[in-house]
>>> print(open('final_21.cif').read())   # mmCIF, C-alpha atoms
data_data
loop_
_atom_site.label_atom_id
_atom_site.label_comp_id
_atom_site.auth_asym_id
_atom_site.auth_seq_id
_atom_site.Cartn_x
_atom_site.Cartn_y
_atom_site.Cartn_z
CA MET A 285 14.91 15.34 20.46
CA GLU A 286 14.34 12.15 22.31
CA ALA A 287 10.62 12.54 22.18
CA ILE A 288 10.72 12.58 18.38
CA LYS A 289 12.69 9.39 18.23
CA LYS A 290 10.63 6.25 17.93
CA LYS A 291 11.04 4.15 21.03
CA ILE A 292 11.06 0.44 21.23
CA THR A 293 10.50 -1.75 24.21
CA ALA A 294 10.70 -5.48 24.76
CA LYS A 295 6.92 -5.44 25.06
CA GLN A 296 6.58 -3.89 21.67
CA ILE A 297 8.88 -6.40 20.05
CA LEU A 298 6.86 -9.18 21.62
CA ASN A 299 3.73 -7.55 20.24
CA TRP A 300 5.20 -7.45 16.73
CA LEU A 301 6.31 -11.05 17.01
CA LEU A 302 2.93 -12.29 18.17
CA CYS A 303 1.09 -10.28 15.52
CA PHE A 304 3.39 -11.69 12.88
CA ILE A 305 2.62 -15.18 14.18
CA ILE A 306 -1.12 -14.51 13.88
CA ILE A 307 -0.70 -13.22 10.34
CA GLY A 308 1.58 -16.19 9.66
CA ILE A 309 -1.08 -18.65 10.76
CA ILE A 310 -3.67 -17.03 8.48
CA THR A 311 -1.14 -17.14 5.64
CA ILE A 312 -0.32 -20.82 6.16
CA VAL A 313 -3.97 -21.79 6.01
CA CYS A 314 -4.59 -19.63 2.92
CA ASN A 315 -1.51 -21.16 1.36
CA PHE A 316 -2.88 -24.61 2.05
CA ILE A 317 -6.31 -23.81 0.63
CA GLY A 318 -5.12 -21.94 -2.43
CA TYR A 319 -1.96 -23.79 -3.37
CA ASP A 320 -2.11 -27.19 -1.65
CA THR A 321 1.17 -26.64 0.15
CA GLY A 322 1.12 -28.79 3.28
CA ILE A 323 0.87 -26.89 6.52
CA VAL A 324 4.00 -28.52 7.93
CA ASP A 325 5.93 -27.80 4.71
CA ALA A 326 5.08 -24.14 4.99
CA ILE A 327 6.16 -23.68 8.61
CA PRO A 328 9.91 -23.10 8.03
CA GLY A 329 9.12 -20.47 5.40
CA ILE A 330 6.72 -18.68 7.71
CA ILE A 331 9.28 -18.71 10.52
CA ILE A 332 11.81 -17.09 8.19
CA LEU A 333 9.30 -14.42 7.16
CA ILE A 334 8.40 -13.75 10.78
CA ALA A 335 12.05 -13.49 11.84
CA LEU A 336 13.05 -11.18 9.00
CA GLY A 337 9.93 -9.08 9.48
CA THR A 338 10.63 -8.62 13.18
CA VAL A 339 14.24 -7.64 12.52
CA GLY A 340 12.99 -5.18 9.91
CA MET A 341 10.51 -3.64 12.36
CA ILE A 342 13.23 -3.23 14.99
CA LEU A 343 15.61 -1.62 12.50
CA GLY A 344 12.82 0.62 11.27
CA ALA A 345 12.16 1.77 14.84
CA VAL A 346 15.84 2.29 15.70
CA PHE A 347 16.69 4.07 12.45
CA PRO A 348 13.44 5.81 11.55
CA LYS A 349 15.01 7.83 8.76
CA ILE A 350 14.65 4.84 6.46
CA PRO A 351 11.07 3.58 6.25
CA GLY A 352 10.40 0.18 7.77
CA THR A 353 9.24 -1.34 4.50
CA LEU A 354 12.55 -0.44 2.88
CA TRP A 355 14.47 -2.01 5.76
CA VAL A 356 12.47 -5.18 5.41
CA VAL A 357 13.13 -5.36 1.69
CA ILE A 358 16.84 -4.75 2.19
CA ILE A 359 17.09 -7.45 4.86
CA ALA A 360 15.07 -9.90 2.80
CA MET A 361 17.24 -9.33 -0.23
CA LEU A 362 20.46 -9.67 1.76
CA SER A 363 19.34 -12.90 3.40
CA GLY A 364 18.50 -14.33 0.00
CA ALA A 365 21.67 -13.07 -1.67
CA PRO A 366 24.48 -15.55 -2.35
CA ILE A 367 26.76 -13.85 0.20
CA PHE A 368 24.52 -15.01 3.04
CA PRO A 369 25.42 -18.59 4.02
CA PHE A 370 21.83 -19.79 4.35
CA SER A 371 20.50 -18.00 1.30
CA ASP A 372 19.53 -21.22 -0.49
CA ALA A 373 17.45 -22.32 2.46
CA VAL A 374 15.83 -18.89 2.76
CA ILE A 375 14.82 -18.91 -0.89
CA MET A 376 13.73 -22.55 -0.89
CA TYR A 377 11.51 -22.25 2.16
CA THR A 378 10.00 -18.85 1.43
CA ASN A 379 9.17 -20.10 -2.07
CA LYS A 380 6.74 -22.50 -0.46
CA ILE A 381 4.68 -19.52 0.68
CA GLU A 382 2.82 -17.94 -2.21
CA LEU A 383 2.67 -14.16 -2.38
CA SER A 384 -1.06 -14.34 -3.04
CA ALA A 385 -1.57 -16.35 0.15
CA ILE A 386 -0.27 -13.50 2.33
CA VAL A 387 -2.48 -10.91 0.70
CA PRO A 388 -6.02 -11.87 1.87
CA ALA A 389 -4.98 -11.37 5.50
CA ILE A 390 -3.66 -7.89 4.71
CA LEU A 391 -6.80 -6.82 2.92
CA ALA A 392 -9.07 -8.26 5.59
CA TYR A 393 -7.43 -5.99 8.17
CA ALA A 394 -7.51 -3.18 5.61
CA GLY A 395 -11.25 -3.72 5.25
CA VAL A 396 -11.80 -3.22 8.96
CA ALA A 397 -9.40 -0.28 9.03
CA ILE A 398 -11.20 1.58 6.23
CA GLY A 399 -14.52 1.02 7.97
CA ARG A 400 -13.82 4.21 9.90
CA ASP A 401 -13.70 6.16 6.64
CA TRP A 402 -17.00 4.79 5.44
CA LYS A 403 -19.12 7.55 6.96
CA SER A 404 -17.10 10.28 5.28
CA PHE A 405 -17.11 8.23 2.11
CA LYS A 406 -20.89 8.14 2.03
CA ARG A 407 -20.97 11.91 2.37
CA LEU A 408 -18.66 12.40 -0.62
CA GLY A 409 -21.14 12.05 -3.42
CA TRP A 410 -20.73 10.60 -6.87
CA ARG A 411 -18.57 13.38 -8.28
CA ALA A 412 -15.71 12.70 -5.88
CA VAL A 413 -15.88 8.99 -6.65
CA ILE A 414 -15.67 9.57 -10.39
CA ILE A 415 -12.82 12.06 -10.10
CA GLY A 416 -10.97 9.87 -7.60
CA CYS A 417 -11.13 6.94 -10.00
CA ILE A 418 -9.97 9.11 -12.88
CA ALA A 419 -7.08 10.31 -10.70
CA MET A 420 -6.05 6.68 -10.20
CA LEU A 421 -6.46 5.97 -13.89
CA GLY A 422 -4.37 9.01 -14.78
CA THR A 423 -1.45 8.02 -12.61
CA PHE A 424 -1.62 4.40 -13.65
CA PHE A 425 -1.94 5.18 -17.34
CA PHE A 426 0.83 7.75 -17.59
CA SER A 427 3.23 5.79 -15.38
CA GLY A 428 2.55 2.72 -17.50
CA LEU A 429 2.94 4.70 -20.71
CA ILE A 430 6.33 6.08 -19.67
CA ALA A 431 7.45 2.65 -18.48
CA GLU A 432 6.25 1.04 -21.70
CA ILE A 433 8.05 3.56 -23.88
CA GLY A 434 11.17 3.30 -21.73
CA LEU A 435 11.23 -0.48 -21.83
CA ARG A 436 10.77 -0.54 -25.59
CA LEU A 437 13.52 1.98 -26.20
CA PHE A 438 16.13 0.34 -23.99
CA MET B 151 26.61 3.65 17.96
CA ASN B 152 24.90 6.78 19.09
CA ASP B 153 21.59 5.28 18.22
CA ASN B 154 22.24 2.29 20.41
CA ASN B 155 22.83 4.47 23.44
CA VAL B 156 19.65 6.37 22.87
CA LYS B 157 17.79 3.14 22.41
CA GLU B 158 18.95 1.76 25.74
CA GLU B 159 17.94 4.91 27.53
CA ASN B 160 14.56 4.75 25.90
CA ILE B 161 13.96 1.23 27.03
CA VAL B 162 14.53 2.29 30.62
CA VAL B 163 12.45 5.43 30.28
CA ASN B 164 9.56 3.70 28.64
CA GLU B 165 9.12 0.85 31.03
CA ASN B 166 6.46 2.78 32.90
CA GLU B 167 4.97 4.76 30.03
CA LYS B 168 1.56 3.79 28.82
CA GLU B 169 0.54 6.15 26.05
CA MET B 170 2.82 4.93 23.28
CA GLU B 171 1.64 2.89 20.34
CA PRO B 172 -0.49 -0.09 21.36
CA THR B 173 1.54 -3.08 22.40
CA GLU B 174 -1.25 -5.54 22.97
CA LEU B 175 -2.68 -5.83 19.51
CA TRP B 176 -2.27 -9.57 19.50
CA LYS B 177 -4.62 -9.94 22.45
CA ASP B 178 -7.75 -9.05 20.52
CA TRP B 179 -8.40 -12.65 19.58
CA LYS B 180 -11.96 -12.05 18.41
CA LEU B 181 -10.68 -9.67 15.75
CA HIS B 182 -7.99 -12.11 14.67
CA ILE B 183 -10.37 -15.03 14.43
CA ALA B 184 -12.76 -12.90 12.40
CA MET B 185 -9.90 -11.89 10.09
CA PHE B 186 -8.83 -15.51 9.84
CA VAL B 187 -12.31 -16.48 8.71
CA CYS B 188 -12.47 -13.56 6.23
CA ALA B 189 -9.14 -14.45 4.66
CA VAL B 190 -9.78 -18.18 4.54
CA VAL B 191 -13.27 -17.86 3.08
CA ALA B 192 -11.94 -15.41 0.50
CA GLN B 193 -9.16 -17.79 -0.42
CA LYS B 194 -11.62 -20.69 -0.59
CA ILE B 195 -13.74 -18.80 -3.12
CA GLY B 196 -10.58 -18.34 -5.16
CA ILE B 197 -10.02 -16.39 -8.34
CA ILE B 198 -13.16 -15.68 -10.32
CA ASN B 199 -12.44 -15.20 -13.97
CA ILE B 200 -15.00 -13.18 -15.90
CA PRO B 201 -14.27 -13.32 -19.64
CA ILE B 202 -15.44 -10.24 -21.53
CA GLY B 203 -14.75 -10.79 -25.19
CA PRO B 204 -11.01 -10.98 -25.71
CA VAL B 205 -10.15 -9.90 -22.16
CA SER B 206 -10.87 -11.33 -18.77
CA LEU B 207 -11.63 -9.60 -15.53
CA MET B 208 -9.95 -11.40 -12.66
CA LEU B 209 -11.49 -11.04 -9.23
CA MET B 210 -8.84 -11.92 -6.67
CA PRO B 211 -9.48 -13.26 -3.16
CA LEU B 212 -7.99 -10.11 -1.66
CA ILE B 213 -10.94 -8.08 -2.93
CA TYR B 214 -13.45 -10.33 -1.18
CA ALA B 215 -11.32 -10.32 1.95
CA MET B 216 -11.48 -6.53 2.02
CA VAL B 217 -15.21 -6.49 1.40
CA PHE B 218 -15.74 -9.04 4.20
CA GLY B 219 -13.63 -7.00 6.59
CA LEU B 220 -15.52 -3.83 5.72
CA ALA B 221 -18.84 -5.65 6.02
CA LEU B 222 -17.96 -6.95 9.47
CA TYR B 223 -17.25 -3.41 10.57
CA LEU B 224 -20.42 -1.98 9.04
CA ILE B 225 -22.85 -4.69 10.13
CA LYS B 226 -24.17 -3.30 13.35
CA PRO B 227 -25.12 -6.51 15.21
CA ILE B 228 -21.47 -7.59 15.17
CA LYS B 229 -20.28 -5.78 18.27
CA PHE B 230 -16.75 -7.15 18.54
CA ILE B 231 -15.58 -5.29 15.44
CA SER B 232 -16.13 -1.60 15.96
CA THR B 233 -14.12 1.61 16.08
CA LYS B 234 -11.56 0.21 18.53
CA GLN B 235 -10.85 -2.79 16.31
CA SER B 236 -10.71 -0.53 13.30
CA GLU B 237 -8.05 1.55 15.02
CA GLU B 238 -6.16 -1.59 15.97
CA SER B 239 -6.35 -2.78 12.40
CA SER B 240 -4.24 0.07 11.06
CA PRO B 241 -0.98 -0.97 12.82
CA LEU B 242 -1.86 -4.61 12.18
CA LEU B 243 -2.25 -3.79 8.53
CA MET B 244 1.18 -2.22 8.58
CA LEU B 245 2.67 -5.34 10.14
CA ALA B 246 0.96 -7.53 7.58
CA VAL B 247 2.43 -5.34 4.85
CA MET B 248 5.88 -5.85 6.38
CA PHE B 249 5.29 -9.56 6.16
CA LEU B 250 4.48 -9.18 2.51
CA CYS B 251 7.53 -7.00 1.90
CA VAL B 252 9.82 -9.71 3.26
CA LYS B 253 8.29 -12.20 0.86
CA MET B 254 8.58 -9.74 -2.00
CA GLY B 255 12.18 -8.95 -1.14
CA VAL B 256 13.14 -12.59 -1.39
CA THR B 257 10.97 -13.21 -4.45
CA MET B 258 12.56 -10.46 -6.50
CA ILE B 259 16.14 -11.71 -6.09
CA PRO B 260 16.26 -13.83 -9.27
CA GLY B 261 14.89 -10.92 -11.26
CA LEU B 262 17.35 -8.44 -9.83
CA ALA B 263 19.50 -8.19 -12.95
CA SER B 264 16.62 -7.07 -15.14
CA ILE B 265 15.40 -4.72 -12.42
CA MET B 266 18.81 -3.05 -12.21
CA SER B 267 18.93 -2.61 -15.97
CA ALA B 268 15.58 -0.84 -15.81
CA SER B 269 16.43 1.35 -12.83
CA ALA B 270 16.36 4.60 -14.81
CA ILE B 271 12.90 3.81 -16.15
CA LEU B 272 11.73 2.92 -12.66
CA VAL B 273 12.64 6.41 -11.50
CA ILE B 274 11.41 8.27 -14.57
CA GLN B 275 8.01 6.58 -14.74
CA ASN B 276 7.09 8.32 -11.52
CA ILE B 277 6.57 11.45 -13.58
CA GLY B 278 3.44 9.62 -14.71
CA ASN B 279 1.97 10.86 -11.45
CA LEU B 280 1.50 14.19 -13.17
CA GLY B 281 -0.82 12.50 -15.66
CA THR B 282 -3.49 12.65 -13.01
CA ILE B 283 -3.74 16.40 -13.47
CA PHE B 284 -4.42 16.28 -17.19
CA LEU B 285 -7.12 13.65 -16.87
CA ALA B 286 -8.79 14.42 -13.57
CA LEU B 287 -8.65 18.22 -13.41
CA PRO B 288 -10.68 18.91 -16.57
CA VAL B 289 -13.26 16.35 -15.49
CA ALA B 290 -13.44 17.85 -12.02
CA ILE B 291 -14.04 21.31 -13.42
CA LEU B 292 -16.56 20.02 -15.95
CA LEU B 293 -18.47 18.38 -13.14
CA GLY B 294 -18.65 21.73 -11.41
CA CYS B 295 -16.01 21.44 -8.73
CA LYS B 296 -14.47 24.69 -7.57
CA ARG B 297 -11.29 24.93 -5.52
CA GLU B 298 -11.71 21.37 -4.25
CA ALA B 299 -10.76 20.30 -7.77
CA VAL B 300 -7.15 21.21 -6.97
CA GLY B 301 -7.03 18.82 -4.03
CA LEU B 302 -8.95 16.16 -5.89
CA SER B 303 -6.81 16.00 -8.95
CA PHE B 304 -3.29 17.25 -8.25
CA ALA B 305 -2.00 13.76 -7.48
CA LEU B 306 -2.96 10.26 -6.59
CA SER B 307 -3.39 11.54 -3.09
CA ARG B 308 -1.84 9.43 -0.41
CA GLU B 309 -0.49 10.64 2.92
CA PRO B 310 2.19 13.01 1.50
CA GLY B 311 -0.44 14.70 -0.65
CA ILE B 312 -2.62 15.39 2.36
CA ALA B 313 0.36 16.80 4.24
CA ILE B 314 1.18 19.18 1.41
CA ILE B 315 -2.37 20.43 0.97
CA THR B 316 -2.86 20.87 4.71
CA ASP B 317 0.36 22.82 4.91
CA LYS B 318 -0.43 25.07 1.96
CA TYR B 319 -4.14 25.69 2.29
CA GLY B 320 -5.01 24.62 5.81
CA ALA B 321 -7.27 21.89 7.11
CA LYS B 322 -10.46 23.91 6.68
CA SER B 323 -9.96 24.74 3.02
CA LYS B 324 -11.85 23.48 -0.02
CA GLU B 325 -8.60 22.06 -1.33
CA PHE B 326 -8.31 19.96 1.81
CA GLN B 327 -11.82 18.60 1.34
CA GLY B 328 -10.80 17.63 -2.16
CA VAL B 329 -7.61 15.88 -1.18
CA MET B 330 -9.36 13.97 1.58
CA ALA B 331 -12.08 12.89 -0.82
CA CYS B 332 -9.46 11.60 -3.23
CA TYR B 333 -7.68 9.84 -0.38
CA ILE B 334 -10.83 8.12 0.83
CA VAL B 335 -11.88 7.06 -2.65
CA GLY B 336 -8.37 5.70 -3.22
CA THR B 337 -8.39 3.80 0.04
CA ILE B 338 -11.75 2.17 -0.57
CA PHE B 339 -11.75 1.77 -4.34
CA GLY B 340 -7.99 1.59 -4.88
CA PRO B 341 -7.57 -2.16 -4.42
CA VAL B 342 -10.66 -2.86 -6.53
CA PHE B 343 -9.56 -0.47 -9.26
CA PHE B 344 -6.02 -1.82 -9.41
CA GLY B 345 -7.40 -5.35 -9.33
CA MET B 346 -9.32 -4.72 -12.53
CA ILE B 347 -7.93 -2.01 -14.77
CA PRO B 348 -4.23 -2.96 -15.10
CA GLY B 349 -5.18 -6.51 -16.11
CA LEU B 350 -7.28 -5.10 -18.93
CA PHE B 351 -4.41 -2.99 -20.22
CA VAL B 352 -2.25 -6.10 -20.42
CA ASP B 353 -4.99 -8.21 -21.99
CA PHE B 354 -5.55 -5.65 -24.71
CA GLY B 355 -1.82 -5.64 -25.35
CA TRP B 356 -1.47 -1.92 -24.66
CA PHE B 357 1.08 -2.39 -21.90
CA SER B 358 3.61 -5.16 -21.36
CA PRO B 359 3.35 -6.98 -18.03
CA GLU B 360 6.63 -5.37 -16.93
CA ALA B 361 5.47 -1.82 -17.63
CA THR B 362 2.18 -2.58 -15.92
CA ALA B 363 3.98 -3.89 -12.86
CA MET B 364 5.88 -0.61 -12.61
CA ALA B 365 2.68 1.36 -13.05
CA VAL B 366 0.79 -0.46 -10.30
CA GLY B 367 3.57 0.54 -7.92
CA CYS B 368 2.58 4.19 -8.18
CA GLY B 369 -0.06 4.15 -5.46
CA SER B 370 -0.49 2.74 -1.99
CA THR B 371 0.77 -0.68 -0.97
CA ALA B 372 -2.75 -2.10 -1.10
CA MET B 373 -3.16 -0.83 -4.66
CA MET B 374 0.18 -2.29 -5.69
CA THR B 375 -0.54 -5.64 -4.04
CA SER B 376 -3.89 -5.87 -5.72
CA GLY B 377 -2.51 -5.09 -9.17
CA LEU B 378 0.51 -7.31 -8.71
CA THR B 379 -1.44 -10.41 -7.67
CA VAL B 380 -3.51 -10.14 -10.83
CA LEU B 381 -0.36 -9.84 -12.95
CA ILE B 382 1.24 -12.83 -11.24
CA ALA B 383 -1.90 -14.88 -11.75
CA LYS B 384 -1.74 -14.02 -15.45
CA PHE B 385 2.04 -14.47 -15.83
CA PRO B 386 3.29 -16.85 -13.13
CA GLU B 387 6.61 -17.34 -14.95
CA LEU B 388 7.45 -13.66 -14.56
CA GLU B 389 6.72 -13.57 -10.82
CA SER B 390 10.17 -12.52 -9.69
CA GLN B 391 10.59 -9.69 -12.18
CA LEU B 392 7.07 -8.37 -11.82
CA THR B 393 7.32 -8.40 -8.03
CA GLY B 394 10.60 -6.52 -8.23
CA PHE B 395 9.29 -3.90 -10.63
CA ALA B 396 6.15 -3.27 -8.62
CA MET B 397 7.91 -3.23 -5.27
CA ILE B 398 10.81 -1.01 -6.31
CA SER B 399 8.45 1.32 -8.14
CA ASN B 400 6.35 1.54 -4.99
CA VAL B 401 9.35 2.33 -2.81
CA ILE B 402 10.67 4.94 -5.24
CA SER B 403 7.31 6.63 -5.63
CA GLY B 404 7.01 6.64 -1.85
CA LEU B 405 10.31 8.47 -1.63
CA LEU B 406 9.63 10.84 -4.53
CA ALA B 407 5.90 11.48 -4.16
CA PHE B 408 6.30 14.27 -1.66
CA TYR B 409 8.77 16.31 -3.68
CA LEU B 410 7.08 15.59 -6.98
CA SER B 411 3.74 16.71 -5.62
CA LEU B 412 5.10 19.78 -3.90
CA PHE B 413 7.41 21.15 -6.58
CA LEU B 414 5.74 19.96 -9.78
CA ALA B 415 2.24 18.59 -9.41
CA LEU B 416 0.72 21.30 -7.26
CA PRO B 417 2.12 24.31 -9.18
CA ILE B 418 1.09 22.71 -12.47
CA THR B 419 -2.38 22.00 -11.13
CA GLU B 420 -2.72 25.59 -10.02
CA LYS B 421 -1.67 26.83 -13.44
CA CYS B 422 -4.06 24.50 -15.22
CA TYR B 423 -6.85 25.40 -12.85
CA ALA B 424 -6.33 29.08 -13.49
CA LEU B 425 -6.21 28.45 -17.21
CA LEU B 426 -9.30 26.30 -17.24
CA THR B 427 -11.35 28.61 -15.10
CA ARG B 428 -10.00 31.77 -16.77
CA ARG B 429 -9.31 33.50 -13.55
CA LYS B 430 -5.64 33.70 -14.26
CA ALA B 431 -3.96 36.47 -12.36
CA VAL B 432 -5.16 36.06 -8.80
CA LYS B 433 -5.21 32.30 -8.61
CA ALA B 434 -1.90 31.71 -10.37
CA GLU B 435 -0.12 33.94 -7.91
CA LYS B 436 -1.68 32.14 -5.02
CA GLY B 437 -0.38 28.90 -6.44
CA GLU B 438 3.16 30.22 -6.70
CA LYS B 439 3.52 31.22 -3.10
#
>>> encode(input="final_21.cif", output="structure tokens")
Amino acid sequence: MEAIKKKITAKQILNWLLCFIIIGIITIVCNFIGYDTGIVDAIPGIIILIALGTVGMILGAVFPKIPGTLWVVIIAMLSGAPIFPFSDAVIMYTNKIELSAIVPAILAYAGVAIGRDWKSFKRLGWRAVIIGCIAMLGTFFFSGLIAEIGLRLF
Amino acid sequence: MNDNNVKEENIVVNENEKEMEPTELWKDWKLHIAMFVCAVVAQKIGIINIPIGPVSLMLMPLIYAMVFGLALYLIKPIKFISTKQSEESSPLLMLAVMFLCVKMGVTMIPGLASIMSASAILVIQNIGNLGTIFLALPVAILLGCKREAVGLSFALSREPGIAIITDKYGAKSKEFQGVMACYIVGTIFGPVFFGMIPGLFVDFGWFSPEATAMAVGCGSTAMMTSGLTVLIAKFPELESQLTGFAMISNVISGLLAFYLSLFLALPITEKCYALLTRRKAVKAEKGEK
């Protein structure tokens, strides 16, 4: 029982925090380059994102039944909801960080992470690539079609 | 309450354990500096807009960032990014996604009302996952795939899909080869694909931005992010709503994907496979149980 449970230690929390800070730094610089938001202006927003993200990670580890991403979204939405006393500040400061400024960091790590799959990818051959792309197209197209019809009807 | 007790015990127990998930990811400063450079250079290049007639293909910085990261791993002379760093990158990637989720959670608040009113559609559009079968399976069979076609085309295979196929057919089966192939193609081409195709659907006026946002949520987080950034670049005034639709759709499909694949997609794929290959009796039964 206990072995299944995800364990958290102070060391791990520190690790999350420091990783978030690294990602935060990359984000701030991307934000500055892409959207001209001053680095100092962006710092409070980044601190909020780091804090909420760390809380989300801890909750995700303590209550693993609910995926971490869902925890993070719930916490973020609560802290920006009017019932939370500092919600205005949370929204104001996080608005200074553009969504698209966070993304390059994510995909850069993703690029390194998928490097391991590259060998098996090269062995796949063109058929798998074509079918894989059609599989993506199929899901995208039919999901979009249902959503489009649904949105038009209601 | 119970959880708290367990947690405290665990902290004591784990003080001298070493084999748990890596806790010193932040120390690999060479990797982080390299990633910093990748992201910043990508951002510096910015959005490249390629007009093709009435539509425009938008290349987002995230695509270059991914290509740079992959290139760093593949270029042999660069020793400080190898298998170890690649393994470290997976949890780091997850943390970075968390970071993004916080931002998305706050961003979608103003659009919450319209998201709530569309909640039924957000759930129902997940059935679109089944569309994969009708498009990909015939092509797979036409191209001469045998049993691997089932794994390749039963769903937009992410982790739950692999789990299902492994459980049903085993890790040495043809079906497993297929599902892994689809997974790898999705991982590598997914962000590129979702960075290009959904934008075209909107430009042509086939899908509204809202419907497209829901549809880009159907795959992995990287796919969603890629599609969403393009949509936001095209419709900055709808940022909150689009973020909400994509994010919620992604969460819902994450929750539903397993059951949808297991109870609907896979049996349907088996039926279609049997029908298309005209080897009905034997194969259909195998698909049932």
>>> closest_residue(input="final_21.cif", among="B:Ser239, B:Thr257, B:Thr419, B:Thr233", to="Leu333 in chain A", atoms="only C-alpha atoms")
B:Thr257
>>> closest_atom_pairs(input="final_21.cif", of="range 231-298 of chain B", to="range 351-365 of chain A", cutoff="6 Å", atoms="only C-alpha atoms", output="tab-separated table")
residue	atom	partner	partner_atom	distance
B:Met248	CA	A:Thr353	CA	5.9
B:Cys251	CA	A:Val357	CA	5.8
B:Val252	CA	A:Ala360	CA	5.3
B:Gly255	CA	A:Val357	CA	4.7
B:Val256	CA	A:Ala360	CA	5.3
>>> residues_around(input="final_21.cif", residues="Lys384 in chain B", least_positions_apart="3", cutoff="12 Å", atoms="all atoms listed in the file", output="ChimeraX atom specification")
/B:197,199,205-210,348-350,352-353,358-359,363,377-381,387-389,392
>>> closest_residue(input="final_21.cif", among="B:Asp317, B:Trp179, B:Gln327, B:Ala365", to="chain A", atoms="all atoms listed in the file")
B:Ala365
>>> resolve_selection(input="final_21.cif", expression="the PyMOL selection byres ((chain B and resi 288) around 10)", output="PyMOL selection string")
(chain A and resi 415) or (chain B and resi 283-287+289-295+299+303+422-423+426-427)
>>> write_last_selection(input="final_21.cif", atoms="C-alpha atoms", output="PDB file, in the coordinates of the input")
ATOM      1  CA  ILE A 415     -12.820  12.060 -10.100  1.00  0.00           C
TER       2      ILE A 415
ATOM      3  CA  ILE B 283      -3.740  16.400 -13.470  1.00  0.00           C
ATOM      4  CA  PHE B 284      -4.420  16.280 -17.190  1.00  0.00           C
ATOM      5  CA  LEU B 285      -7.120  13.650 -16.870  1.00  0.00           C
ATOM      6  CA  ALA B 286      -8.790  14.420 -13.570  1.00  0.00           C
ATOM      7  CA  LEU B 287      -8.650  18.220 -13.410  1.00  0.00           C
ATOM      8  CA  VAL B 289     -13.260  16.350 -15.490  1.00  0.00           C
ATOM      9  CA  ALA B 290     -13.440  17.850 -12.020  1.00  0.00           C
ATOM     10  CA  ILE B 291     -14.040  21.310 -13.420  1.00  0.00           C
ATOM     11  CA  LEU B 292     -16.560  20.020 -15.950  1.00  0.00           C
ATOM     12  CA  LEU B 293     -18.470  18.380 -13.140  1.00  0.00           C
ATOM     13  CA  GLY B 294     -18.650  21.730 -11.410  1.00  0.00           C
ATOM     14  CA  CYS B 295     -16.010  21.440  -8.730  1.00  0.00           C
ATOM     15  CA  ALA B 299     -10.760  20.300  -7.770  1.00  0.00           C
ATOM     16  CA  SER B 303      -6.810  16.000  -8.950  1.00  0.00           C
ATOM     17  CA  CYS B 422      -4.060  24.500 -15.220  1.00  0.00           C
ATOM     18  CA  TYR B 423      -6.850  25.400 -12.850  1.00  0.00           C
ATOM     19  CA  LEU B 426      -9.300  26.300 -17.240  1.00  0.00           C
ATOM     20  CA  THR B 427     -11.350  28.610 -15.100  1.00  0.00           C
TER      21      THR B 427
END
>>> build_atoms(input="final_21.cif", residues="range 315-325 of chain A", atoms="N, CA and C atoms", output="PDB file, in the frame of the given file")
ATOM      1  N   ASN A 315      -2.450 -20.498   2.241  1.00  0.00           N
ATOM      2  CA  ASN A 315      -1.510 -21.160   1.360  1.00  0.00           C
ATOM      3  C   ASN A 315      -1.945 -22.603   1.100  1.00  0.00           C
ATOM      4  N   PHE A 316      -2.434 -23.232   2.155  1.00  0.00           N
ATOM      5  CA  PHE A 316      -2.880 -24.610   2.050  1.00  0.00           C
ATOM      6  C   PHE A 316      -4.122 -24.699   1.167  1.00  0.00           C
ATOM      7  N   ILE A 317      -5.061 -23.777   1.387  1.00  0.00           N
ATOM      8  CA  ILE A 317      -6.310 -23.810   0.630  1.00  0.00           C
ATOM      9  C   ILE A 317      -6.066 -23.472  -0.843  1.00  0.00           C
ATOM     10  N   GLY A 318      -5.268 -22.424  -1.055  1.00  0.00           N
ATOM     11  CA  GLY A 318      -5.120 -21.940  -2.430  1.00  0.00           C
ATOM     12  C   GLY A 318      -4.108 -22.726  -3.235  1.00  0.00           C
ATOM     13  N   TYR A 319      -3.066 -23.230  -2.599  1.00  0.00           N
ATOM     14  CA  TYR A 319      -1.960 -23.790  -3.370  1.00  0.00           C
ATOM     15  C   TYR A 319      -1.547 -25.190  -2.938  1.00  0.00           C
ATOM     16  N   ASP A 320      -2.347 -25.797  -2.040  1.00  0.00           N
ATOM     17  CA  ASP A 320      -2.110 -27.190  -1.650  1.00  0.00           C
ATOM     18  C   ASP A 320      -0.736 -27.447  -1.045  1.00  0.00           C
ATOM     19  N   THR A 321      -0.088 -26.394  -0.546  1.00  0.00           N
ATOM     20  CA  THR A 321       1.170 -26.640   0.150  1.00  0.00           C
ATOM     21  C   THR A 321       0.843 -27.105   1.562  1.00  0.00           C
ATOM     22  N   GLY A 322       1.410 -28.239   1.960  1.00  0.00           N
ATOM     23  CA  GLY A 322       1.120 -28.790   3.280  1.00  0.00           C
ATOM     24  C   GLY A 322       1.459 -27.786   4.373  1.00  0.00           C
ATOM     25  N   ILE A 323       0.674 -27.852   5.447  1.00  0.00           N
ATOM     26  CA  ILE A 323       0.870 -26.890   6.520  1.00  0.00           C
ATOM     27  C   ILE A 323       2.251 -27.049   7.148  1.00  0.00           C
ATOM     28  N   VAL A 324       2.678 -28.281   7.330  1.00  0.00           N
ATOM     29  CA  VAL A 324       4.000 -28.520   7.930  1.00  0.00           C
ATOM     30  C   VAL A 324       5.108 -28.036   6.990  1.00  0.00           C
ATOM     31  N   ASP A 325       4.933 -28.267   5.687  1.00  0.00           N
ATOM     32  CA  ASP A 325       5.930 -27.800   4.710  1.00  0.00           C
ATOM     33  C   ASP A 325       6.113 -26.298   4.747  1.00  0.00           C
TER      34      ASP A 325
END
